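Participant: Before I ask anything, let me first share the structure, which is written out below as structure tokens.
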Amino acid sequence: MFNNKVILVTGGTGSIGSEIVRNLLTYRPKAIRIFSRDESKQFELQQELKEFGNIRYLIGDIRDKQRLGYAMEDVDIIFHAAALKHVPSCEYNPMEAIKTNVIGVQNIIETAIDHNVEKVIAISTDKVVNPTSTMGATKLLSEKLISAASFYKGSKRTIFSCVRFGNVMGSRGSVIPLFKNQIVEGRPLTVTHAEMTRFMMSIPQAAQLVIDAAKYSQGGEVFVLKMPILKITDLAKCLIESYEQAGALRYSGEVIETGIRPGEKLYEELMTLEESERALENEQMYIIPSLFLEMEYHYEGFRKAERQEYSSKTAKQIYTVEIRELIEASGLGFSKVVL
């Protein structure tokens, strides 16, 4: 479905956005337009992907509706990855979070309808389920906007869907790069709470889910990847083991608890009990259909989901051996020679 199409990726220089771009290039699209605010990241990605002549780099902000309109000329598919995603940052700057995560999404919806875009796939987060943070609340509202967008489009063809993520391993500002820096520098390894659990997925898994969602989407759905659940303290211990087994000196610091940050939860949820009642599933993901469906869609290979919430508190966890395998498979462990 991507061959010979014009595709716009907002936030296309971020960890997820850039991986979506790399994935899409294998489908030979007519053009990929990377839309982001950071010219330095655009320059870095240009150097990496300089062999491809079908990529366009556009400086812009989703808060700017007119700029979005220019970027969407003749676009067939949009992958929306631009967001303010860090819980503490959004907690202390809530008005900025609203401008990007809510008003920015409204701009994308309205501009996509105006330009008769074929599909819009927006990236969401586990923080939207029973949100306790500004980030979660703004992303929940953006999900609601996407799900209800079909009521605004009239006779236009645009299909809107969301993809709900857990934590993405190795993404910018995430916990693994932080832990690795603390270990190498011999500083205390800071864990907010000893019992905190999280959903974890790799950057390639995250990008593939977005690609799959675009193929399956028929309107208003939320797609949820089935992913490993782990305790953050177990992740910290596995990274320390990886460091020591790579041939370096023993880690000289200690693991300390710093306390849960404002807006942060001890456990995360990806699907509520109520959502599971209408959800479908296969081995890789859940599909949560829109509440506003006027017709029932068929998804090949999916069955009725079991009635249960999908929470990092209640779902099956993985432990140290499996966590080490996940870290190594994602290329996030320490190399054999640590400088």
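Letters A, B, ... mark the chains of the structure tokens in the order given; residue numbers begin at 1 per chain; ligand numbers begin at 1, in order shown.
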Please extract the residues of region 133-222 of chain A with a backbone DSSP assignment of helix (DSSP H, G or I) and present them as a PyMOL selection string.
Facilitator: chain A and resi 134-151+175-184+203-216
Participant: Distance table requested - region 102-130 of chain A against region 197-201 of chain A, cut-off 12 Å, only C-alpha atoms: one row per qualifying residue with the closest atom pair and its distance in Å to one decimal, ordered by chain and rising residue number, as JSON lines.
Facilitator:
```
{"residue": "A:Thr125", "atom": "CA", "partner": "A:Phe199", "partner_atom": "CA", "distance": 10.6}
{"residue": "A:Asp126", "atom": "CA", "partner": "A:Phe199", "partner_atom": "CA", "distance": 8.5}
{"residue": "A:Lys127", "atom": "CA", "partner": "A:Arg198", "partner_atom": "CA", "distance": 10.9}
```
Participant: Nearest to Asn93 (chain A): which of A:Ser133, A:Met196, A:Asn167, A:Gln46 is it, counting only C-alpha atoms?
Facilitator: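 Distance minimum relative to Asn93 (chain A) lands on A:Ser133.
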Participant: Which residues come within 7 Å of region 136-147 of chain A, counting only C-alpha atoms, excluding same-chain residues fewer than 5 positions away, as an mmCIF file with N, CA, C and O atoms, in the first residue's frame?
Facilitator:
```cif
data_model
loop_
_atom_site.group_PDB
_atom_site.id
_atom_site.type_symbol
_atom_site.label_atom_id
_atom_site.label_comp_id
_atom_site.auth_asym_id
_atom_site.auth_seq_id
_atom_site.Cartn_x
_atom_site.Cartn_y
_atom_site.Cartn_z
ATOM 1 N N ALA A 97 2.220 21.430 26.346
ATOM 2 C CA ALA A 97 1.753 20.081 26.003
ATOM 3 C C ALA A 97 0.416 20.145 25.268
ATOM 4 O O ALA A 97 0.189 19.409 24.299
ATOM 5 N N ILE A 98 -0.464 21.019 25.702
ATOM 6 C CA ILE A 98 -1.763 21.173 25.030
ATOM 7 C C ILE A 98 -1.578 21.685 23.611
ATOM 8 O O ILE A 98 -2.205 21.184 22.670
ATOM 9 N N ASN A 101 0.232 18.463 21.712
ATOM 10 C CA ASN A 101 -0.438 17.150 21.738
ATOM 11 C C ASN A 101 -1.926 17.210 21.452
ATOM 12 O O ASN A 101 -2.522 16.192 21.093
ATOM 13 N N VAL A 102 -2.541 18.367 21.631
ATOM 14 C CA VAL A 102 -3.980 18.497 21.378
ATOM 15 C C VAL A 102 -4.246 19.392 20.157
ATOM 16 O O VAL A 102 -4.782 18.943 19.151
ATOM 17 N N VAL A 105 -2.674 18.057 17.000
ATOM 18 C CA VAL A 105 -3.416 16.940 16.402
ATOM 19 C C VAL A 105 -4.675 17.443 15.698
ATOM 20 O O VAL A 105 -5.030 16.968 14.615
ATOM 21 N N SER A 124 0.177 6.953 19.909
ATOM 22 C CA SER A 124 -0.287 7.263 21.253
ATOM 23 C C SER A 124 0.575 6.508 22.268
ATOM 24 O O SER A 124 1.643 5.998 21.924
ATOM 25 N N LYS A 127 0.265 5.856 28.594
ATOM 26 C CA LYS A 127 -0.076 6.883 29.592
ATOM 27 C C LYS A 127 -1.506 7.398 29.446
ATOM 28 O O LYS A 127 -2.025 8.069 30.343
ATOM 29 N N VAL A 128 -2.194 7.082 28.329
ATOM 30 C CA VAL A 128 -3.559 7.588 28.124
ATOM 31 C C VAL A 128 -4.589 6.802 28.931
ATOM 32 O O VAL A 128 -5.718 7.265 29.116
ATOM 33 N N PRO A 131 -5.254 8.236 32.978
ATOM 34 C CA PRO A 131 -4.082 9.111 33.084
ATOM 35 C C PRO A 131 -3.978 9.818 34.431
ATOM 36 O O PRO A 131 -4.980 10.234 35.014
ATOM 37 N N PHE A 160 -8.692 7.542 9.892
ATOM 38 C CA PHE A 160 -7.868 7.920 11.051
ATOM 39 C C PHE A 160 -7.782 6.757 12.035
ATOM 40 O O PHE A 160 -8.798 6.152 12.378
ATOM 41 N N SER A 161 -6.565 6.465 12.525
ATOM 42 C CA SER A 161 -6.358 5.423 13.526
ATOM 43 C C SER A 161 -5.192 5.793 14.429
ATOM 44 O O SER A 161 -4.359 6.633 14.079
ATOM 45 N N CYS A 162 -5.132 5.135 15.611
ATOM 46 C CA CYS A 162 -4.062 5.365 16.589
ATOM 47 C C CYS A 162 -3.317 4.072 16.883
ATOM 48 O O CYS A 162 -3.898 2.986 16.809
ATOM 49 N N GLY A 220 -10.864 4.682 12.981
ATOM 50 C CA GLY A 220 -11.154 4.899 14.387
ATOM 51 C C GLY A 220 -10.559 3.920 15.371
ATOM 52 O O GLY A 220 -10.776 4.038 16.572
ATOM 53 N N GLU A 221 -9.794 2.941 14.915
ATOM 54 C CA GLU A 221 -9.259 1.919 15.823
ATOM 55 C C GLU A 221 -8.074 2.443 16.641
ATOM 56 O O GLU A 221 -7.423 3.409 16.274
ATOM 57 N N SER A 290 -13.450 1.582 17.285
ATOM 58 C CA SER A 290 -14.043 2.826 17.752
ATOM 59 C C SER A 290 -15.429 2.586 18.354
ATOM 60 O O SER A 290 -16.177 1.712 17.916
#
```
Participant: If you count only C-alpha atoms, which residues fall within 10 Å of Asp64 (chain A), apart from same-chain ones fewer than 6 positions away, as an mmCIF file with all heavy atoms, in the first residue's frame?
Facilitator:
```
data_model
loop_
_atom_site.group_PDB
_atom_site.id
_atom_site.type_symbol
_atom_site.label_atom_id
_atom_site.label_comp_id
_atom_site.auth_asym_id
_atom_site.auth_seq_id
_atom_site.Cartn_x
_atom_site.Cartn_y
_atom_site.Cartn_z
ATOM 1 N N THR A 100 0.891 21.292 21.551
ATOM 2 C CA THR A 100 1.441 20.279 20.640
ATOM 3 C C THR A 100 0.566 19.035 20.565
ATOM 4 O O THR A 100 0.179 18.595 19.479
ATOM 5 C CB THR A 100 2.868 19.890 21.074
ATOM 6 O OG1 THR A 100 3.715 21.027 20.974
ATOM 7 C CG2 THR A 100 3.416 18.769 20.195
ATOM 8 N N ILE A 103 -3.846 20.661 20.256
ATOM 9 C CA ILE A 103 -4.093 21.585 19.142
ATOM 10 C C ILE A 103 -3.340 21.131 17.887
ATOM 11 O O ILE A 103 -3.855 21.216 16.768
ATOM 12 C CB ILE A 103 -3.689 23.025 19.516
ATOM 13 C CG1 ILE A 103 -4.389 23.469 20.804
ATOM 14 C CG2 ILE A 103 -4.008 23.979 18.371
ATOM 15 C CD1 ILE A 103 -5.901 23.417 20.752
ATOM 16 N N GLY A 104 -2.117 20.611 18.085
ATOM 17 C CA GLY A 104 -1.356 20.110 16.937
ATOM 18 C C GLY A 104 -2.066 18.973 16.226
ATOM 19 O O GLY A 104 -2.087 18.902 14.995
ATOM 20 N N ASN A 107 -4.929 20.294 14.254
ATOM 21 C CA ASN A 107 -4.416 20.858 12.998
ATOM 22 C C ASN A 107 -4.184 19.773 11.955
ATOM 23 O O ASN A 107 -4.513 19.946 10.775
ATOM 24 C CB ASN A 107 -3.112 21.607 13.259
ATOM 25 C CG ASN A 107 -3.309 22.898 14.023
ATOM 26 O OD1 ASN A 107 -4.413 23.449 14.060
ATOM 27 N ND2 ASN A 107 -2.244 23.389 14.642
ATOM 28 N N ILE A 108 -3.601 18.650 12.395
ATOM 29 C CA ILE A 108 -3.332 17.553 11.461
ATOM 30 C C ILE A 108 -4.636 16.987 10.912
ATOM 31 O O ILE A 108 -4.773 16.746 9.703
ATOM 32 C CB ILE A 108 -2.497 16.455 12.158
ATOM 33 C CG1 ILE A 108 -1.053 16.928 12.314
ATOM 34 C CG2 ILE A 108 -2.539 15.140 11.374
ATOM 35 C CD1 ILE A 108 -0.198 16.043 13.166
#
```
Participant: Looking at only C-alpha atoms, which of A:Gln284, A:Thr26, A:Ser36, A:Thr314 is the one that sits closest to Leu209 (chain A)?
Facilitator: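 Comparing A:Gln284, A:Thr26, A:Ser36, A:Thr314 against Leu209 (chain A), the winner is A:Gln284.
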Participant: How far is it from CA of Pro188 (chain A) to CA of Ile256 (chain A), in Å with one decimal?
Facilitator: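 Going from CA of Pro188 (chain A) over to CA of Ile256 (chain A) covers 6.6 Å.
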Participant: Find the spatial neighbours of region 73-83 of chain A, counting only C-alpha atoms, within a cut-off of 6 Å - ignore same-chain residues fewer than 2 positions away - and output them as a list of chain:residue names.
Facilitator: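 Listing them by chain and then by number gives A:Val6, A:Ile7, A:Leu8, A:Val9, A:Thr10, A:Gly11, A:Gly17, A:Tyr70, A:Ala71, A:Lys85, A:Asn101, A:Val117, A:Glu118, A:Lys119, A:Val120, A:Ile121, A:Ala122, A:Ile123.
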Participant: Show me, as a Markdown table, the residues of region 86-199 of chain A having an atom within 12 Å of region 249-255 of chain A, each with the closest atom pair and its distance in Å, using only C-alpha atoms.
Facilitator:
```
| residue | atom | partner | partner_atom | distance |
| --- | --- | --- | --- | --- |
| A:Phe179 | CA | A:Val255 | CA | 10.1 |
| A:Lys180 | CA | A:Tyr251 | CA | 10.9 |
| A:Asn181 | CA | A:Tyr251 | CA | 11.7 |
| A:Gln182 | CA | A:Gly253 | CA | 8.5 |
| A:Ile183 | CA | A:Tyr251 | CA | 6.4 |
| A:Val184 | CA | A:Tyr251 | CA | 7.7 |
| A:Glu185 | CA | A:Gly253 | CA | 8.8 |
| A:Gly186 | CA | A:Gly253 | CA | 5.1 |
| A:Arg187 | CA | A:Gly253 | CA | 5.4 |
| A:Pro188 | CA | A:Gly253 | CA | 5.0 |
| A:Leu189 | CA | A:Val255 | CA | 4.7 |
| A:Thr190 | CA | A:Val255 | CA | 6.0 |
| A:Val191 | CA | A:Val255 | CA | 7.0 |
| A:Thr192 | CA | A:Val255 | CA | 10.2 |
| A:His193 | CA | A:Val255 | CA | 10.7 |
| A:Ala194 | CA | A:Val255 | CA | 9.7 |
```
Participant: Could you write those residues out with all heavy atoms, as a compact mmCIF listing (two decimals), in the first residue's frame?
Facilitator:
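Saved as selection.txt:
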```txt
# COMPACT_ATOMS: atom_id res chain seq x y z
N PHE A 179 20.42 4.87 32.24
CA PHE A 179 21.10 3.87 33.08
C PHE A 179 22.51 3.60 32.59
O PHE A 179 23.45 3.47 33.39
CB PHE A 179 20.30 2.57 33.10
CG PHE A 179 19.07 2.59 33.99
CD1 PHE A 179 18.18 1.52 33.99
CD2 PHE A 179 18.80 3.66 34.82
CE1 PHE A 179 17.07 1.52 34.81
CE2 PHE A 179 17.68 3.68 35.65
CZ PHE A 179 16.81 2.60 35.64
N LYS A 180 22.68 3.46 31.28
CA LYS A 180 24.01 3.14 30.73
C LYS A 180 25.02 4.24 31.03
O LYS A 180 26.18 3.96 31.38
CB LYS A 180 23.90 2.87 29.23
CG LYS A 180 23.16 1.57 28.90
CD LYS A 180 23.04 1.34 27.41
CE LYS A 180 24.35 0.92 26.79
NZ LYS A 180 24.18 0.52 25.37
N ASN A 181 24.59 5.49 30.90
CA ASN A 181 25.50 6.60 31.21
C ASN A 181 25.87 6.59 32.69
O ASN A 181 27.04 6.81 33.05
CB ASN A 181 24.84 7.94 30.85
CG ASN A 181 24.81 8.18 29.35
OD1 ASN A 181 25.60 7.61 28.61
ND2 ASN A 181 23.89 9.02 28.90
N GLN A 182 24.91 6.34 33.56
CA GLN A 182 25.18 6.31 34.99
C GLN A 182 26.15 5.18 35.34
O GLN A 182 27.06 5.36 36.17
CB GLN A 182 23.87 6.15 35.77
CG GLN A 182 22.96 7.38 35.72
CD GLN A 182 21.61 7.14 36.36
OE1 GLN A 182 21.14 6.00 36.45
NE2 GLN A 182 20.97 8.20 36.81
N ILE A 183 25.99 4.02 34.70
CA ILE A 183 26.86 2.88 34.97
C ILE A 183 28.30 3.16 34.53
O ILE A 183 29.26 2.95 35.28
CB ILE A 183 26.31 1.61 34.27
CG1 ILE A 183 25.00 1.16 34.94
CG2 ILE A 183 27.34 0.49 34.31
CD1 ILE A 183 24.24 0.11 34.15
N VAL A 184 28.46 3.66 33.30
CA VAL A 184 29.80 3.93 32.76
C VAL A 184 30.52 4.96 33.60
O VAL A 184 31.74 4.86 33.85
CB VAL A 184 29.70 4.40 31.29
CG1 VAL A 184 31.03 4.94 30.79
CG2 VAL A 184 29.24 3.25 30.40
N GLU A 185 29.79 5.97 34.07
CA GLU A 185 30.42 7.04 34.85
C GLU A 185 30.54 6.69 36.33
O GLU A 185 31.09 7.49 37.11
CB GLU A 185 29.60 8.33 34.67
CG GLU A 185 29.64 8.86 33.24
CD GLU A 185 28.65 9.99 33.01
OE1 GLU A 185 28.04 10.47 33.99
OE2 GLU A 185 28.50 10.40 31.84
N GLY A 186 30.04 5.50 36.75
CA GLY A 186 30.16 5.08 38.13
C GLY A 186 29.27 5.86 39.09
O GLY A 186 29.50 5.84 40.30
N ARG A 187 28.25 6.54 38.54
CA ARG A 187 27.33 7.29 39.39
C ARG A 187 26.24 6.37 39.92
O ARG A 187 26.02 5.28 39.39
CB ARG A 187 26.70 8.43 38.58
CG ARG A 187 27.70 9.51 38.17
CD ARG A 187 27.00 10.67 37.48
NE ARG A 187 26.59 10.34 36.11
CZ ARG A 187 25.35 10.45 35.65
NH1 ARG A 187 24.37 10.83 36.46
NH2 ARG A 187 25.07 10.16 34.40
N PRO A 188 25.51 6.79 40.96
CA PRO A 188 24.38 5.98 41.42
C PRO A 188 23.37 5.76 40.30
O PRO A 188 23.06 6.68 39.54
CB PRO A 188 23.78 6.82 42.55
CG PRO A 188 24.90 7.68 43.02
CD PRO A 188 25.74 7.97 41.81
N LEU A 189 22.86 4.54 40.22
CA LEU A 189 21.86 4.21 39.22
C LEU A 189 20.49 4.48 39.85
O LEU A 189 20.12 3.85 40.83
CB LEU A 189 22.00 2.75 38.80
CG LEU A 189 21.39 2.34 37.48
CD1 LEU A 189 22.08 1.13 36.90
CD2 LEU A 189 19.92 2.06 37.65
N THR A 190 19.76 5.44 39.29
CA THR A 190 18.56 5.97 39.94
C THR A 190 17.29 5.29 39.43
O THR A 190 16.95 5.38 38.26
CB THR A 190 18.46 7.48 39.71
OG1 THR A 190 18.54 7.76 38.30
CG2 THR A 190 19.58 8.21 40.42
N VAL A 191 16.61 4.59 40.34
CA VAL A 191 15.33 3.95 40.07
C VAL A 191 14.28 4.68 40.90
O VAL A 191 14.48 4.89 42.11
CB VAL A 191 15.37 2.46 40.45
CG1 VAL A 191 14.00 1.83 40.26
CG2 VAL A 191 16.41 1.73 39.62
N THR A 192 13.17 5.06 40.27
CA THR A 192 12.18 5.85 41.01
C THR A 192 11.47 5.04 42.10
O THR A 192 11.17 5.55 43.16
CB THR A 192 11.14 6.45 40.05
OG1 THR A 192 10.58 5.42 39.25
CG2 THR A 192 11.78 7.50 39.16
N HIS A 193 11.20 3.74 41.82
CA HIS A 193 10.54 2.88 42.81
C HIS A 193 10.89 1.44 42.53
O HIS A 193 10.88 0.98 41.38
CB HIS A 193 9.02 3.08 42.74
CG HIS A 193 8.27 2.51 43.90
ND1 HIS A 193 8.11 1.15 44.10
CD2 HIS A 193 7.65 3.12 44.95
CE1 HIS A 193 7.41 0.95 45.20
NE2 HIS A 193 7.12 2.12 45.74
N ALA A 194 11.18 0.67 43.58
CA ALA A 194 11.66 -0.71 43.44
C ALA A 194 10.62 -1.63 42.79
O ALA A 194 10.99 -2.62 42.16
CB ALA A 194 12.06 -1.26 44.80
```
Participant: Go ahead and compute the interatomic distance for CA of Thr134 (chain A) and CA of Ser312 (chain A), in Å to one decimal.
Facilitator: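 Interatomic distance, CA of Thr134 (chain A) to CA of Ser312 (chain A): 20.4 Å.
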